[in-house]
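J.: PDB, C-alpha atoms and all ligand atoms, saved as start_21.pdb, coming up:
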ATOM      1  CA  MET A   1      58.139  17.611 -63.016
ATOM      2  CA  SER A   2      58.507  20.343 -60.443
ATOM      3  CA  THR A   3      58.568  19.265 -56.823
ATOM      4  CA  GLN A   4      55.075  18.955 -55.438
ATOM      5  CA  TYR A   5      54.446  19.316 -51.748
ATOM      6  CA  VAL A   6      51.412  17.833 -50.124
ATOM      7  CA  VAL A   7      50.152  17.632 -46.556
ATOM      8  CA  GLY A   8      49.190  14.325 -44.970
ATOM      9  CA  VAL A   9      46.943  14.393 -41.910
ATOM     10  CA  ASP A  10      46.487  11.462 -39.527
ATOM     11  CA  LEU A  11      43.491  12.133 -37.298
ATOM     12  CA  GLY A  12      43.332  10.091 -34.116
ATOM     13  CA  GLY A  13      41.147  10.207 -31.033
ATOM     14  CA  THR A  14      43.959  11.778 -28.994
ATOM     15  CA  ASN A  15      46.225  13.565 -31.455
ATOM     16  CA  VAL A  16      46.098  15.002 -34.921
ATOM     17  CA  ARG A  17      49.389  14.757 -36.737
ATOM     18  CA  ALA A  18      50.169  16.617 -39.949
ATOM     19  CA  ALA A  19      53.244  16.315 -42.168
ATOM     20  CA  VAL A  20      54.453  18.111 -45.273
ATOM     21  CA  VAL A  21      55.680  15.458 -47.688
ATOM     22  CA  ASP A  22      57.282  15.555 -51.127
ATOM     23  CA  SER A  23      56.460  13.203 -53.993
ATOM     24  CA  SER A  24      59.169  10.749 -52.905
ATOM     25  CA  GLY A  25      57.577  10.311 -49.476
ATOM     26  CA  LYS A  26      60.118  12.398 -47.589
ATOM     27  CA  ILE A  27      58.713  14.199 -44.542
ATOM     28  CA  LEU A  28      59.912  17.822 -44.696
ATOM     29  CA  GLY A  29      58.157  19.095 -41.600
ATOM     30  CA  GLU A  30      55.502  17.982 -39.171
ATOM     31  CA  ALA A  31      53.347  18.997 -36.234
ATOM     32  CA  ARG A  32      50.999  17.437 -33.729
ATOM     33  CA  THR A  33      48.072  18.922 -31.816
ATOM     34  CA  ASP A  34      45.466  17.643 -29.380
ATOM     35  CA  SER A  35      42.462  16.500 -31.436
ATOM     36  CA  LYS A  36      39.996  17.616 -28.684
ATOM     37  CA  ALA A  37      37.733  14.780 -29.787
ATOM     38  CA  MET A  38      34.990  15.431 -27.247
ATOM     39  CA  GLU A  39      34.637  19.174 -27.883
ATOM     40  CA  GLY A  40      32.667  18.969 -31.117
ATOM     41  CA  ALA A  41      33.470  19.007 -34.812
ATOM     42  CA  ASP A  42      34.212  22.748 -35.125
ATOM     43  CA  VAL A  43      36.871  22.579 -32.414
ATOM     44  CA  THR A  44      38.496  19.453 -33.910
ATOM     45  CA  LEU A  45      38.459  20.919 -37.438
ATOM     46  CA  GLY A  46      40.192  23.997 -35.982
ATOM     47  CA  GLN A  47      42.837  21.751 -34.406
ATOM     48  CA  ILE A  48      43.411  20.003 -37.762
ATOM     49  CA  ILE A  49      43.942  23.362 -39.499
ATOM     50  CA  LYS A  50      46.298  24.413 -36.692
ATOM     51  CA  ALA A  51      48.355  21.225 -37.131
ATOM     52  CA  ILE A  52      48.518  21.703 -40.922
ATOM     53  CA  ARG A  53      49.718  25.316 -40.558
ATOM     54  CA  ALA A  54      52.321  24.329 -37.958
ATOM     55  CA  ALA A  55      53.608  21.518 -40.214
ATOM     56  CA  VAL A  56      53.862  23.943 -43.153
ATOM     57  CA  ALA A  57      55.840  26.361 -40.957
ATOM     58  CA  ASP A  58      58.063  23.512 -39.711
ATOM     59  CA  ALA A  59      58.813  22.489 -43.313
ATOM     60  CA  ARG A  60      59.750  26.091 -44.191
ATOM     61  CA  VAL A  61      57.490  26.179 -47.219
ATOM     62  CA  SER A  62      54.671  28.633 -47.893
ATOM     63  CA  GLU A  63      51.003  27.656 -47.741
ATOM     64  CA  GLY A  64      50.739  28.498 -51.447
ATOM     65  CA  GLU A  65      53.234  25.725 -52.256
ATOM     66  CA  ILE A  66      50.924  23.024 -50.849
ATOM     67  CA  ALA A  67      49.269  21.422 -53.879
ATOM     68  CA  ALA A  68      46.872  19.117 -52.037
ATOM     69  CA  CYS A  69      46.003  17.627 -48.658
ATOM     70  CA  GLY A  70      45.082  14.040 -47.747
ATOM     71  CA  MET A  71      43.480  12.867 -44.520
ATOM     72  CA  GLY A  72      43.123   9.520 -42.768
ATOM     73  CA  ILE A  73      40.116   9.471 -40.437
ATOM     74  CA  PRO A  74      38.928   6.677 -38.135
ATOM     75  CA  GLY A  75      35.383   5.689 -39.075
ATOM     76  CA  THR A  76      33.149   5.708 -42.130
ATOM     77  CA  VAL A  77      34.277   8.290 -44.666
ATOM     78  CA  LYS A  78      32.547   9.383 -47.879
ATOM     79  CA  ASN A  79      35.378  10.961 -49.835
ATOM     80  CA  ALA A  80      33.139  11.707 -52.818
ATOM     81  CA  GLU A  81      31.048  14.091 -50.690
ATOM     82  CA  GLY A  82      33.724  15.144 -48.179
ATOM     83  CA  LEU A  83      31.693  13.701 -45.324
ATOM     84  CA  VAL A  84      32.488  11.651 -42.254
ATOM     85  CA  LEU A  85      29.336   9.577 -41.679
ATOM     86  CA  TRP A  86      30.419   8.141 -38.369
ATOM     87  CA  SER A  87      33.532   8.111 -36.233
ATOM     88  CA  PRO A  88      33.701   6.193 -32.957
ATOM     89  CA  ASN A  89      36.262   8.468 -31.299
ATOM     90  CA  PHE A  90      34.624  11.833 -31.832
ATOM     91  CA  LYS A  91      31.591  13.386 -30.214
ATOM     92  CA  ASP A  92      28.648  13.885 -32.586
ATOM     93  CA  TRP A  93      30.513  13.144 -35.814
ATOM     94  CA  ASN A  94      27.482  12.014 -37.786
ATOM     95  CA  GLY A  95      27.432  13.262 -41.361
ATOM     96  CA  ILE A  96      29.986  16.026 -40.680
ATOM     97  CA  GLN A  97      31.343  17.996 -43.655
ATOM     98  CA  VAL A  98      35.108  17.805 -43.145
ATOM     99  CA  ARG A  99      36.582  18.433 -46.583
ATOM    100  CA  ASP A 100      35.206  21.882 -47.428
ATOM    101  CA  PRO A 101      36.180  23.884 -44.310
ATOM    102  CA  ILE A 102      39.724  22.510 -44.399
ATOM    103  CA  ALA A 103      40.121  23.046 -48.149
ATOM    104  CA  LYS A 104      38.888  26.620 -47.732
ATOM    105  CA  ALA A 105      41.243  27.335 -44.819
ATOM    106  CA  ILE A 106      44.379  26.042 -46.530
ATOM    107  CA  GLY A 107      43.492  26.926 -50.140
ATOM    108  CA  ALA A 108      44.170  23.413 -51.489
ATOM    109  CA  PRO A 109      41.998  20.415 -52.413
ATOM    110  CA  VAL A 110      41.421  17.803 -49.694
ATOM    111  CA  SER A 111      40.913  14.024 -50.126
ATOM    112  CA  MET A 112      39.932  11.728 -47.291
ATOM    113  CA  GLY A 113      39.864   8.051 -46.462
ATOM    114  CA  ASN A 114      39.380   5.622 -43.610
ATOM    115  CA  ASP A 115      42.529   5.572 -41.484
ATOM    116  CA  ALA A 116      43.305   1.869 -42.003
ATOM    117  CA  ASN A 117      42.824   2.141 -45.791
ATOM    118  CA  VAL A 118      45.056   5.217 -45.814
ATOM    119  CA  ALA A 119      47.786   3.518 -43.744
ATOM    120  CA  ALA A 120      47.724   0.639 -46.250
ATOM    121  CA  LEU A 121      48.179   3.115 -49.094
ATOM    122  CA  GLY A 122      51.169   4.544 -47.187
ATOM    123  CA  GLU A 123      52.806   1.120 -46.911
ATOM    124  CA  TYR A 124      52.091   0.537 -50.592
ATOM    125  CA  ALA A 125      53.549   3.855 -51.747
ATOM    126  CA  PHE A 126      56.531   4.200 -49.426
ATOM    127  CA  GLY A 127      56.887   1.105 -47.233
ATOM    128  CA  ALA A 128      56.725  -2.701 -47.191
ATOM    129  CA  GLY A 129      54.130  -2.884 -49.990
ATOM    130  CA  LYS A 130      56.179  -1.097 -52.665
ATOM    131  CA  GLY A 131      55.755  -2.614 -56.102
ATOM    132  CA  ALA A 132      52.885  -4.948 -55.156
ATOM    133  CA  ARG A 133      50.100  -5.520 -57.701
ATOM    134  CA  CYS A 134      47.699  -6.617 -55.019
ATOM    135  CA  MET A 135      48.452  -5.746 -51.413
ATOM    136  CA  ILE A 136      46.444  -6.310 -48.266
ATOM    137  CA  MET A 137      47.312  -4.840 -44.914
ATOM    138  CA  LEU A 138      45.956  -5.758 -41.497
ATOM    139  CA  THR A 139      46.647  -3.337 -38.642
ATOM    140  CA  LEU A 140      46.320  -4.921 -35.217
ATOM    141  CA  GLY A 141      45.314  -2.520 -32.485
ATOM    142  CA  THR A 142      42.237  -1.827 -30.347
ATOM    143  CA  GLY A 143      40.393  -3.203 -33.361
ATOM    144  CA  ILE A 144      41.719  -4.636 -36.606
ATOM    145  CA  GLY A 145      41.888  -2.233 -39.520
ATOM    146  CA  SER A 146      42.503  -3.331 -43.068
ATOM    147  CA  GLY A 147      43.299  -1.930 -46.472
ATOM    148  CA  LEU A 148      43.293  -3.369 -49.976
ATOM    149  CA  ILE A 149      45.381  -1.858 -52.778
ATOM    150  CA  ILE A 150      44.845  -3.257 -56.269
ATOM    151  CA  GLU A 151      47.001  -2.052 -59.183
ATOM    152  CA  GLY A 152      48.021   1.057 -57.223
ATOM    153  CA  LYS A 153      44.545   2.059 -56.114
ATOM    154  CA  SER A 154      42.863   1.708 -52.752
ATOM    155  CA  TRP A 155      39.694  -0.386 -53.193
ATOM    156  CA  ASN A 156      36.989   0.724 -50.775
ATOM    157  CA  GLY A 157      33.893  -0.960 -52.159
ATOM    158  CA  VAL A 158      30.755   0.475 -53.706
ATOM    159  CA  SER A 159      29.714   2.457 -50.620
ATOM    160  CA  GLU A 160      33.226   3.115 -49.222
ATOM    161  CA  VAL A 161      32.915   0.508 -46.446
ATOM    162  CA  ALA A 162      35.400  -2.133 -47.634
ATOM    163  CA  PRO A 163      37.567  -3.839 -46.741
ATOM    164  CA  GLU A 164      36.559  -5.001 -43.279
ATOM    165  CA  MET A 165      38.811  -8.031 -43.119
ATOM    166  CA  GLY A 166      38.903  -7.721 -39.333
ATOM    167  CA  HIS A 167      35.257  -8.806 -39.354
ATOM    168  CA  HIS A 168      35.581 -11.909 -41.426
ATOM    169  CA  ILE A 169      34.517 -14.878 -39.342
ATOM    170  CA  ILE A 170      37.166 -17.520 -38.739
ATOM    171  CA  LEU A 171      35.652 -19.356 -35.765
ATOM    172  CA  ALA A 172      31.871 -19.540 -36.107
ATOM    173  CA  ASP A 173      31.281 -20.290 -32.405
ATOM    174  CA  GLY A 174      34.088 -17.999 -31.238
ATOM    175  CA  PRO A 175      34.002 -15.036 -28.842
ATOM    176  CA  ARG A 176      31.639 -12.115 -29.329
ATOM    177  CA  CYS A 177      33.116  -9.332 -31.455
ATOM    178  CA  SER A 178      32.757  -5.541 -31.143
ATOM    179  CA  CYS A 179      30.487  -5.759 -34.228
ATOM    180  CA  GLY A 180      28.028  -7.981 -32.341
ATOM    181  CA  ARG A 181      28.781 -11.185 -34.257
ATOM    182  CA  TYR A 182      30.912 -14.116 -33.133
ATOM    183  CA  GLY A 183      34.367 -15.336 -34.045
ATOM    184  CA  CYS A 184      35.582 -12.503 -36.291
ATOM    185  CA  VAL A 185      39.371 -12.160 -36.667
ATOM    186  CA  GLU A 186      39.051  -9.015 -34.573
ATOM    187  CA  SER A 187      37.412 -10.898 -31.685
ATOM    188  CA  LEU A 188      40.426 -13.249 -31.561
ATOM    189  CA  CYS A 189      43.368 -11.009 -32.477
ATOM    190  CA  ARG A 190      42.609  -7.474 -31.319
ATOM    191  CA  ARG A 191      44.651  -5.962 -28.499
ATOM    192  CA  ASP A 192      42.385  -7.061 -25.635
ATOM    193  CA  ALA A 193      41.981 -10.589 -27.008
ATOM    194  CA  ILE A 194      45.770 -11.041 -27.082
ATOM    195  CA  VAL A 195      46.197  -9.643 -23.579
ATOM    196  CA  ASP A 196      43.325 -11.819 -22.234
ATOM    197  CA  ARG A 197      44.928 -14.895 -23.819
ATOM    198  CA  ALA A 198      48.121 -14.264 -21.812
ATOM    199  CA  ALA A 199      46.243 -13.333 -18.627
ATOM    200  CA  ARG A 200      44.155 -16.550 -18.715
ATOM    201  CA  LYS A 201      47.348 -18.607 -18.689
ATOM    202  CA  ALA A 202      48.652 -16.649 -15.707
ATOM    203  CA  HIS A 203      45.329 -17.092 -13.905
ATOM    204  CA  GLN A 204      45.728 -20.849 -14.352
ATOM    205  CA  GLY A 205      48.698 -20.493 -12.016
ATOM    206  CA  ARG A 206      51.483 -20.472 -14.570
ATOM    207  CA  TYR A 207      54.500 -18.244 -14.006
ATOM    208  CA  THR A 208      55.079 -15.458 -16.535
ATOM    209  CA  SER A 209      57.418 -12.458 -16.472
ATOM    210  CA  LEU A 210      54.376 -10.411 -17.540
ATOM    211  CA  ILE A 211      53.474 -10.327 -13.832
ATOM    212  CA  GLU A 212      56.549  -8.199 -13.076
ATOM    213  CA  LYS A 213      56.383  -6.283 -16.355
ATOM    214  CA  SER A 214      52.816  -5.194 -15.610
ATOM    215  CA  GLY A 215      53.610  -4.085 -12.055
ATOM    216  CA  HIS A 216      51.797  -7.151 -10.652
ATOM    217  CA  ASP A 217      48.515  -6.193 -12.314
ATOM    218  CA  LEU A 218      47.795  -8.154 -15.475
ATOM    219  CA  ARG A 219      45.228  -5.551 -16.563
ATOM    220  CA  TYR A 220      48.209  -3.397 -17.532
ATOM    221  CA  VAL A 221      49.803  -5.953 -19.850
ATOM    222  CA  THR A 222      50.271  -4.600 -23.392
ATOM    223  CA  PRO A 223      50.947  -6.445 -26.674
ATOM    224  CA  ALA A 224      54.385  -4.765 -26.720
ATOM    225  CA  MET A 225      55.117  -6.307 -23.270
ATOM    226  CA  ILE A 226      54.059  -9.733 -24.559
ATOM    227  CA  ALA A 227      56.343  -9.318 -27.580
ATOM    228  CA  GLU A 228      59.252  -8.314 -25.334
ATOM    229  CA  ALA A 229      58.663 -11.133 -22.810
ATOM    230  CA  ALA A 230      58.421 -13.685 -25.630
ATOM    231  CA  ARG A 231      61.749 -12.534 -27.058
ATOM    232  CA  GLU A 232      63.235 -13.034 -23.584
ATOM    233  CA  GLY A 233      61.946 -16.619 -23.561
ATOM    234  CA  ASP A 234      58.777 -16.268 -21.463
ATOM    235  CA  GLN A 235      56.778 -19.419 -22.264
ATOM    236  CA  VAL A 236      53.317 -17.953 -21.592
ATOM    237  CA  SER A 237      54.069 -15.068 -23.960
ATOM    238  CA  ILE A 238      55.491 -17.386 -26.624
ATOM    239  CA  GLU A 239      52.321 -19.536 -26.492
ATOM    240  CA  THR A 240      50.164 -16.393 -26.614
ATOM    241  CA  LEU A 241      51.896 -15.336 -29.834
ATOM    242  CA  GLU A 242      51.677 -18.905 -31.212
ATOM    243  CA  GLU A 243      47.903 -18.993 -30.685
ATOM    244  CA  THR A 244      47.412 -15.458 -31.988
ATOM    245  CA  GLY A 245      49.598 -16.303 -34.993
ATOM    246  CA  TYR A 246      47.467 -19.378 -35.674
ATOM    247  CA  TYR A 247      44.253 -17.327 -35.881
ATOM    248  CA  LEU A 248      45.955 -14.647 -37.957
ATOM    249  CA  GLY A 249      47.307 -17.400 -40.203
ATOM    250  CA  ILE A 250      43.780 -18.706 -40.847
ATOM    251  CA  ALA A 251      42.675 -15.168 -41.689
ATOM    252  CA  VAL A 252      45.664 -14.565 -43.967
ATOM    253  CA  ALA A 253      45.197 -17.923 -45.734
ATOM    254  CA  ASN A 254      41.568 -16.993 -46.498
ATOM    255  CA  ILE A 255      42.699 -13.597 -47.766
ATOM    256  CA  ILE A 256      45.325 -15.231 -49.994
ATOM    257  CA  ASN A 257      42.783 -17.705 -51.380
ATOM    258  CA  ILE A 258      40.293 -14.957 -52.183
ATOM    259  CA  PHE A 259      42.574 -12.228 -53.572
ATOM    260  CA  ASN A 260      45.745 -14.018 -54.768
ATOM    261  CA  PRO A 261      47.838 -11.025 -53.575
ATOM    262  CA  ASP A 262      51.608 -10.657 -53.883
ATOM    263  CA  LYS A 263      51.951  -9.013 -50.455
ATOM    264  CA  VAL A 264      50.135  -9.272 -47.138
ATOM    265  CA  ILE A 265      51.403  -6.715 -44.629
ATOM    266  CA  ILE A 266      50.776  -6.922 -40.896
ATOM    267  CA  GLY A 267      51.166  -3.815 -38.735
ATOM    268  CA  GLY A 268      50.428  -2.616 -35.217
ATOM    269  CA  GLY A 269      52.263  -2.994 -31.897
ATOM    270  CA  ILE A 270      52.119  -6.787 -31.779
ATOM    271  CA  ALA A 271      53.833  -7.073 -35.186
ATOM    272  CA  GLN A 272      57.016  -5.965 -33.389
ATOM    273  CA  ALA A 273      57.191  -9.509 -32.016
ATOM    274  CA  GLY A 274      58.815 -10.459 -35.328
ATOM    275  CA  ASP A 275      59.316 -14.151 -36.118
ATOM    276  CA  LEU A 276      57.681 -15.256 -32.865
ATOM    277  CA  LEU A 277      54.418 -14.049 -34.398
ATOM    278  CA  PHE A 278      55.211 -14.410 -38.113
ATOM    279  CA  ASP A 279      56.456 -18.013 -37.911
ATOM    280  CA  PRO A 280      53.097 -19.381 -36.649
ATOM    281  CA  ILE A 281      51.295 -17.161 -39.168
ATOM    282  CA  ARG A 282      53.403 -18.537 -42.044
ATOM    283  CA  ARG A 283      53.095 -22.151 -40.842
ATOM    284  CA  THR A 284      49.304 -21.882 -40.681
ATOM    285  CA  VAL A 285      49.137 -20.159 -44.054
ATOM    286  CA  GLU A 286      51.231 -22.908 -45.660
ATOM    287  CA  VAL A 287      48.730 -25.530 -44.539
ATOM    288  CA  ASN A 288      45.609 -23.551 -45.474
ATOM    289  CA  ALA A 289      46.376 -21.448 -48.547
ATOM    290  CA  LEU A 290      46.042 -22.728 -52.107
ATOM    291  CA  TYR A 291      49.402 -23.729 -53.527
ATOM    292  CA  GLU A 292      49.524 -21.493 -56.619
ATOM    293  CA  ALA A 293      48.437 -18.433 -54.624
ATOM    294  CA  LEU A 294      50.846 -19.213 -51.793
ATOM    295  CA  GLN A 295      53.852 -19.363 -54.143
ATOM    296  CA  VAL A 296      53.604 -15.678 -55.124
ATOM    297  CA  CYS A 297      52.677 -14.145 -51.771
ATOM    298  CA  GLU A 298      54.999 -12.586 -49.218
ATOM    299  CA  ILE A 299      53.788 -12.002 -45.651
ATOM    300  CA  LEU A 300      55.677  -9.069 -44.190
ATOM    301  CA  PRO A 301      55.659  -6.777 -41.157
ATOM    302  CA  ALA A 302      54.730  -3.150 -41.840
ATOM    303  CA  ALA A 303      57.737  -0.895 -42.387
ATOM    304  CA  LEU A 304      56.533   2.619 -41.637
ATOM    305  CA  GLY A 305      55.399   2.300 -38.010
ATOM    306  CA  ASP A 306      53.537   5.397 -36.830
ATOM    307  CA  ASP A 307      54.405   7.253 -40.058
ATOM    308  CA  ALA A 308      52.073   5.053 -42.147
ATOM    309  CA  GLY A 309      49.124   7.349 -41.362
ATOM    310  CA  VAL A 310      50.623  10.668 -42.485
ATOM    311  CA  LEU A 311      52.515   9.124 -45.409
ATOM    312  CA  GLY A 312      49.398   7.300 -46.605
ATOM    313  CA  ALA A 313      47.412  10.524 -46.376
ATOM    314  CA  ALA A 314      50.158  12.247 -48.382
ATOM    315  CA  ALA A 315      49.977   9.415 -50.949
ATOM    316  CA  LEU A 316      46.219   9.986 -51.234
ATOM    317  CA  ALA A 317      46.889  13.686 -51.873
ATOM    318  CA  LEU A 318      49.552  12.874 -54.495
ATOM    319  CA  GLN A 319      47.143  10.504 -56.246
ATOM    320  CA  SER A 320      44.507  13.249 -56.324
ATOM    321  CA  LEU A 321      47.049  15.330 -58.279
ATOM    322  CA  GLY A 322      47.495  12.529 -60.797
ATOM    323  CA  VAL A 323      50.864  11.348 -59.473
ATOM    324  CA  SER A 324      51.108   7.571 -59.942
ATOM    325  CA  LEU A 325      52.654   5.784 -56.998
TER     326      LEU A 325
HETATM  327 ZN    ZN B 401      33.381  -8.469 -35.944
END
If you took the structure in this file and wrote it as structure tokens, what would it be?
T.:
Amino acid sequence: MSTQYVVGVDLGGTNVRAAVVDSSGKILGEARTDSKAMEGADVTLGQIIKAIRAAVADARVSEGEIAACGMGIPGTVKNAEGLVLWSPNFKDWNGIQVRDPIAKAIGAPVSMGNDANVAALGEYAFGAGKGARCMIMLTLGTGIGSGLIIEGKSWNGVSEVAPEMGHHIILADGPRCSCGRYGCVESLCRRDAIVDRAARKAHQGRYTSLIEKSGHDLRYVTPAMIAEAAREGDQVSIETLEETGYYLGIAVANIINIFNPDKVIIGGGIAQAGDLLFDPIRRTVEVNALYEALQVCEILPAALGDDAGVLGAAALALQSLGVSL
């Protein structure tokens, strides 16, 4: 098989990143532009095309050598029609045709997916999920994204909405979630929930090194700071990760009982906390998952970091060309 180059695009509310990738997942060139999210769809589509062209130039290949393009987009994506139905980060993205103008500009077919689903495909193809028959990934950030890969294919449900594992309810009388319901995993384990958990302990008068780390303003605490403080032995941060790990463990146990996967991958800034987060997750899973399902499942941190988006988009493009991953 001749070498096939594809472009993976990771569209975010701040930046659009594009990378030229070969079929082994090697990034040959990349570029980043401002996504200009509030300036309308035409401007953002122009920025995407600019990023793709700059990545192609950086990789020192010609545009004609790009066989396909994949895109990860935050929001509700209808790949079959090339539409983005809704995207929270972009002004007036309601039923926008994204695929056709980009395909026309670069002269290659374009496939699209929800950014969390696409990142999961990236981990499956080139990262911690390699070789899994059934892989689920949770990405912990502002919200909780998720992806489900079964027998090498991303499963997005009948109307391309699934999976929304961040909105499965694990504490029926829990805090209100961004979706309007109560006690979803996201309401307990998203970025702000983790930071609030640490801040509440500090407000009870307990000492924590997060006070210094945040410049004496706990509003500026980040999950990465909590991970760092916990590694340094800060008790408030350790307990924050313990409690977060407990809720994640309940979520992961449910996921294991429903899907019987061989890998559950957890990504996002807080996953950098390592065993301080994964130990409570694994302990909770051991108590709550069904024995036979538990025996075959590994729970692992994501391996690709910020590259999961562009590599997953490239994997989507490779799949559209019939390459099996
Ligand atoms: Zn929810």
J.: All residues within 8 Å of ligand ZN 401 (chain B) are required, counting only C-alpha atoms and all ligand atoms; please report them as a list in words.
T.: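 Sorted by chain and then by number, the residues are Gly166, His167, His168, Ile169, Arg176, Cys177, Ser178, Cys179, Gly180, Arg181, Tyr182, Gly183, Cys184, Val185, Glu186 and Ser187 of chain A.
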J.: Find the residues near region 252-254 of chain A: any atom within 9 Å, counting all atoms listed in the file, skip ones fewer than 6 places away on the same chain, and give them as a list of chain:residue names.
T.: A:Ile170, A:Val264, A:Ile281, A:Arg282, A:Thr284, A:Val285, A:Glu286, A:Val287, A:Asn288, A:Ala289, A:Leu290, A:Leu294, A:Ile299
J.: Using all atoms listed in the file, can you tell me which of A:Met225, A:Ala125, A:Val77, A:Ile27 comes closest to Asn94 (chain A)?
T.: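 Distance minimum relative to Asn94 (chain A) lands on A:Val77.
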J.: For the PyMOL selection byres (((chain A and resi 46-61) around 10) and not hetatm), applied here, can you spell out every residue it catches as an NGL selection string?
T.: :A and (5-11 or 15-21 or 27-37 or 41-45 or 62-66 or 69 or 71 or 101-103 or 105-106)
J.: For a quick check of understanding, using all atoms listed in the file, which of A:Gly145, A:Pro74, A:Pro223, A:Pro109 has the smallest distance to Thr244 (chain A)?
T.: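 Ranked by minimum distance to Thr244 (chain A), first place goes to A:Pro223.
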J.: Here is a test: counting all atoms listed in the file, which residue of A:Cys189, A:Ser159, A:Gly40, A:Gly12 is nearest to Asn89 (chain A)?
T.: A:Gly12
J.: Between A:Ile211, A:Ala119, A:Ala108, A:Ile136, which one has atoms that come closest to Ala67 (chain A), using all atoms listed in the file?
T.: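 Answer, going by the shortest atom-to-atom distance: A:Ala108.
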J.: Nearest to Ala128 (chain A): which of A:Leu277, A:Met38, A:Leu188, A:Ala308 is it, counting all atoms listed in the file?
T.: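 Of the candidates, the smallest distance to Ala128 (chain A) is held by A:Ala308.
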J.: The PyMOL selection byres (((chain A and resi 82) around 8) and not hetatm) - which residues does that actually catch in the file I just gave you? List them as a ChimeraX atom specification.
T.: /A:77-81,83-84,97-100,111-112
J.: Output the residue selection produced by the PyMOL selection byres (((chain A and resi 313) around 6) and not hetatm) on the file above, formatted as a PyMOL selection string.
T.: chain A and resi 8-9+70-72+118+310-312+314-316
J.: Please return, as a PDB file with C-alpha atoms, in the coordinates of the input, all polymer residues that have at least one atom within 6 Å of the point (55.8, -3.0, -45.1); use only C-alpha atoms and the file's own coordinate frame.
T.:
ATOM      1  CA  GLU A 123      52.806   1.120 -46.911  1.00  0.00           C
ATOM      2  CA  GLY A 127      56.887   1.105 -47.233  1.00  0.00           C
ATOM      3  CA  ALA A 128      56.725  -2.701 -47.191  1.00  0.00           C
ATOM      4  CA  GLY A 129      54.130  -2.884 -49.990  1.00  0.00           C
ATOM      5  CA  ILE A 265      51.403  -6.715 -44.629  1.00  0.00           C
ATOM      6  CA  PRO A 301      55.659  -6.777 -41.157  1.00  0.00           C
ATOM      7  CA  ALA A 302      54.730  -3.150 -41.840  1.00  0.00           C
ATOM      8  CA  ALA A 303      57.737  -0.895 -42.387  1.00  0.00           C
TER       9      ALA A 303
END
J.: Hey, can you check how far CA of Met165 (chain A) sits from CA of Ala271 (chain A)?
T.: 17.0 Å
J.: If I take CA of Val221 (chain A) and CA of Arg200 (chain A), how far is one from the other in Å, to one decimal?
T.: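 Pair CA of Val221 (chain A) / CA of Arg200 (chain A) returns 12.1 Å.
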J.: I'd like the interatomic distance between CA of Pro280 (chain A) and CA of Gly249 (chain A), to a tenth of an Å.
T.: 7.1 Å
J.: Which is closer to Leu318 (chain A) than all the others in A:Arg283, A:Asp262, A:Gly122, A:Gly95, using all atoms listed in the file?
T.: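 That would be A:Gly122, the residue with the smallest distance to Leu318 (chain A).
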J.: Excluding Glu164 (chain A) and residues on its chain fewer than 6 positions from it, collect all residues at most 12 Å away from it, counting all atoms listed in the file, and give them as a list in words.
T.: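 Listed by chain and then number, they are Gly75, Thr76, Asn114, Ala116, Asn117, Ile136, Met137, Leu138, Thr139, Gly143, Ile144, Gly145, Ser146, Gly147, Leu148, Trp155, Asn156, Gly157, Cys179, Cys184, Val185, Glu186, Ala251 and Ile255 of chain A.
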J.: Please produce an output containing C-alpha atoms for each residue in the selection, written as a compact mmCIF listing (two decimals), in the frame of the given file.
T.:
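After the write, out.txt holds the following:
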# COMPACT_ATOMS: atom_id res chain seq x y z
CA GLY A 75 35.38 5.69 -39.08
CA THR A 76 33.15 5.71 -42.13
CA ASN A 114 39.38 5.62 -43.61
CA ALA A 116 43.30 1.87 -42.00
CA ASN A 117 42.82 2.14 -45.79
CA ILE A 136 46.44 -6.31 -48.27
CA MET A 137 47.31 -4.84 -44.91
CA LEU A 138 45.96 -5.76 -41.50
CA THR A 139 46.65 -3.34 -38.64
CA GLY A 143 40.39 -3.20 -33.36
CA ILE A 144 41.72 -4.64 -36.61
CA GLY A 145 41.89 -2.23 -39.52
CA SER A 146 42.50 -3.33 -43.07
CA GLY A 147 43.30 -1.93 -46.47
CA LEU A 148 43.29 -3.37 -49.98
CA TRP A 155 39.69 -0.39 -53.19
CA ASN A 156 36.99 0.72 -50.78
CA GLY A 157 33.89 -0.96 -52.16
CA CYS A 179 30.49 -5.76 -34.23
CA CYS A 184 35.58 -12.50 -36.29
CA VAL A 185 39.37 -12.16 -36.67
CA GLU A 186 39.05 -9.02 -34.57
CA ALA A 251 42.68 -15.17 -41.69
CA ILE A 255 42.70 -13.60 -47.77
J.: Using all atoms listed in the file, which protein or nucleic acid residues come within 10 Å of Ala224 (chain A)? Drop anything in the same chain fewer than 3 positions from it, and give the result as a list of chain:residue names.
T.: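 Neighbouring residues, sequence-local ones excluded: A:Arg191, A:Val221, A:Ala227, A:Glu228, A:Ala229, A:Ala230, A:Gly268, A:Gly269, A:Ile270, A:Ala271, A:Gln272, A:Ala273.
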